[in-house]
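See below for the structure under consideration.
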Amino acid sequence: QPVLGVFGSESASIWPGWDEVQERLREWLPQTEPFVLAGANHALQEKDPRGVAEAMVPFLAHHSMLTPV
């Protein structure tokens, strides 16, 4: 299943290890579709809920959440 990764464009500015974390996430979860939220760094859903929602809507519209029974 695809995974949406919403990341802040300014995350590396508050934590120097951020780029390494991103690299590891891409290795461990290659099915991740990244979305970089401009001007954000931490607590994205609190600081920019609209931006997070705007990233999620097309992802959820494209990837069905239904599971066969």
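For the structure tokens, the naming scheme is as follows: chains receive sequential letters (A, B, ...) according to their order of presentation, residues are indexed from 1 within each chain, and ligands are indexed from 1 in presentation order.
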Could you give me, as a count of residues only, each residue of chain A that DSSP assigns to alpha helix (DSSP H) when run on this structure's backbone? 33
Neighbours of range 39-44 of chain A within 7 Å (only C-alpha atoms; same-chain residues fewer than 6 positions away dropped), as a tab-separated table (two decimals) with all heavy atoms, in the first residue's frame?
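Listed below is the output, around02.tsv:
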```
chain	number	residue	atom	x	y	z
A	8	GLY	N	7.99	18.81	6.32
A	8	GLY	CA	8.15	20.26	6.29
A	8	GLY	C	9.42	20.66	5.55
A	8	GLY	O	10.48	20.05	5.75
A	9	SER	N	9.33	21.68	4.74
A	9	SER	CA	10.49	22.14	3.97
A	9	SER	C	11.58	22.72	4.87
A	9	SER	O	12.73	22.80	4.47
A	9	SER	CB	10.08	23.18	2.94
A	9	SER	OG	9.63	24.37	3.57
A	10	GLU	N	11.22	23.10	6.09
A	10	GLU	CA	12.18	23.72	7.00
A	10	GLU	C	12.63	22.78	8.11
A	10	GLU	O	13.28	23.21	9.06
A	10	GLU	CB	11.56	24.99	7.62
A	10	GLU	CG	11.05	26.00	6.60
A	10	GLU	CD	12.15	26.46	5.67
A	10	GLU	OE1	13.26	26.79	6.14
A	10	GLU	OE2	11.91	26.49	4.43
A	11	SER	N	12.30	21.50	8.02
A	11	SER	CA	12.63	20.55	9.08
A	11	SER	C	14.13	20.44	9.33
A	11	SER	O	14.58	20.34	10.47
A	11	SER	CB	12.05	19.18	8.77
A	11	SER	OG	10.64	19.24	8.76
A	52	VAL	N	-1.76	20.43	5.14
A	52	VAL	CA	-1.73	18.98	5.30
A	52	VAL	C	-2.94	18.36	4.60
A	52	VAL	O	-2.82	17.38	3.87
A	52	VAL	CB	-1.66	18.57	6.79
A	52	VAL	CG1	-1.80	17.07	6.95
A	52	VAL	CG2	-0.35	19.05	7.40
```
Identify, with DSSP run on backbone atoms, the residues in chain A assigned to strand (DSSP E or B), and express the list as a ChimeraX atom specification. /A:3-8,32-37
Quick one: residues within 12 Å of Pro30 in chain A, only C-alpha atoms, excluding same-chain residues fewer than 2 positions away - as a ChimeraX atom specification? /A:1-5,22-28,32-34
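Considering the residues A:Gln45, A:Phe7, A:Gly51, A:His62 and counting only C-alpha atoms, Val21 in chain A has its shortest atom-to-atom contact with A:Phe7.
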Gap from CA of Ile14 in chain A to CA of Pro58 in chain A - Å, one decimal: 28.6 Å
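Distances from A:Ala12, A:Val6, A:Ser64, A:Gly17 to Pro49 in chain A were compared using only C-alpha atoms, and the smallest one belongs to A:Val6.
Interatomic distance, CA of Trp15 in chain A to CA of Lys47 in chain A: 17.7 Å.
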